[in-house]
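Reviewing the structure listed below.
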Amino acid sequence: MILKIIIINLICIFLSYGANSDNQVITILKIIDKVSGKSYIHEIYKDKVLNFRNINISSSQCIVDEENNKNYAAFINLKESNKDKYIFKGWILSKKISFSQVSHPVYSIKLIKCL
């Protein structure tokens, strides 16, 4: 588990050197309900909170890899609405999904794009 966290942090550091994070203010996420199979696409503006059912989702940074414009990374916070505890706080990647999976019993969250 510690090795996985170290690898994710190293990937994000390398992505941020070759990325432009100044103009990316919108994070586009795909939220999949594992129970019903329905998927939802939401835009989250920088430092704003999306209230989706019983979770609050915010994105503080979204970066695009300048070498390959289809690689994105976003720092997101997931928090249960009725609790003061974070479910997930960290980087998610658009291409390397296995490195940055959000572990939630009902929802699967994937990064689509940064605008």
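Within each chain, counting starts at residue 1; across the structure tokens, chains are named A, B, ... in the order shown, with ligands numbered 1 upward in that order.
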
- [ ] Mind listing the alpha helix (DSSP H) residues of chain A, per DSSP on the backbone, as a PyMOL selection string?
- [x] chain A and resi 2-17

TODO: Using DSSP on the backbone, list every residue of chain A that comes out as strand (DSSP E or B), and give them as a count of residues only.
DONE: 57

Per-residue nearest contacts of stretch 68-95 of chain A to stretch 21-44 of chain A (10 Å; only C-alpha atoms) as JSON lines:
```
{"residue": "A:Tyr72", "atom": "CA", "partner": "A:Thr27", "partner_atom": "CA", "distance": 9.5}
{"residue": "A:Ala73", "atom": "CA", "partner": "A:Thr27", "partner_atom": "CA", "distance": 9.3}
{"residue": "A:Ala74", "atom": "CA", "partner": "A:Thr27", "partner_atom": "CA", "distance": 7.2}
{"residue": "A:Phe75", "atom": "CA", "partner": "A:Thr27", "partner_atom": "CA", "distance": 9.5}
{"residue": "A:Ile76", "atom": "CA", "partner": "A:Thr27", "partner_atom": "CA", "distance": 9.3}
{"residue": "A:Ser94", "atom": "CA", "partner": "A:Leu29", "partner_atom": "CA", "distance": 9.6}
```

Give me a file of those residues, with C-alpha atoms, as a PDB file, in the first residue's frame.
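File produced: again.pdb:
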```pdb
ATOM      1  CA  TYR A  72      -5.073  14.508 -17.145  1.00  0.00           C
ATOM      2  CA  ALA A  73      -4.554  14.525 -13.387  1.00  0.00           C
ATOM      3  CA  ALA A  74      -6.792  16.087 -10.736  1.00  0.00           C
ATOM      4  CA  PHE A  75      -6.532  16.491  -6.981  1.00  0.00           C
ATOM      5  CA  ILE A  76      -9.967  15.738  -5.551  1.00  0.00           C
ATOM      6  CA  SER A  94      -7.328   9.802 -16.459  1.00  0.00           C
TER       7      SER A  94
END
```

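Nearest-residue note for A:Ile63: choosing from A:Leu78, A:Leu50, A:Ile109, A:Cys114, the minimum distance belongs to A:Cys114, counting only C-alpha atoms.
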
TODO: Go through A:Lys89, A:Lys46, A:Asp65, A:Lys96 one by one, measure the shortest atom-to-atom distance of each to A:Leu111 using only C-alpha atoms, and give the residue with the smallest value.
DONE: A:Lys96

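In this structure, atom CA of A:Ser100 sits 20.7 Å away from atom CA of A:Glu67.
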
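The spacing separating atom CA of A:Val49 from atom CA of A:Glu66 amounts to 27.1 Å.
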
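Counting from atom CA of A:Lys95, the distance to atom CA of A:Asn51 is 25.3 Å.
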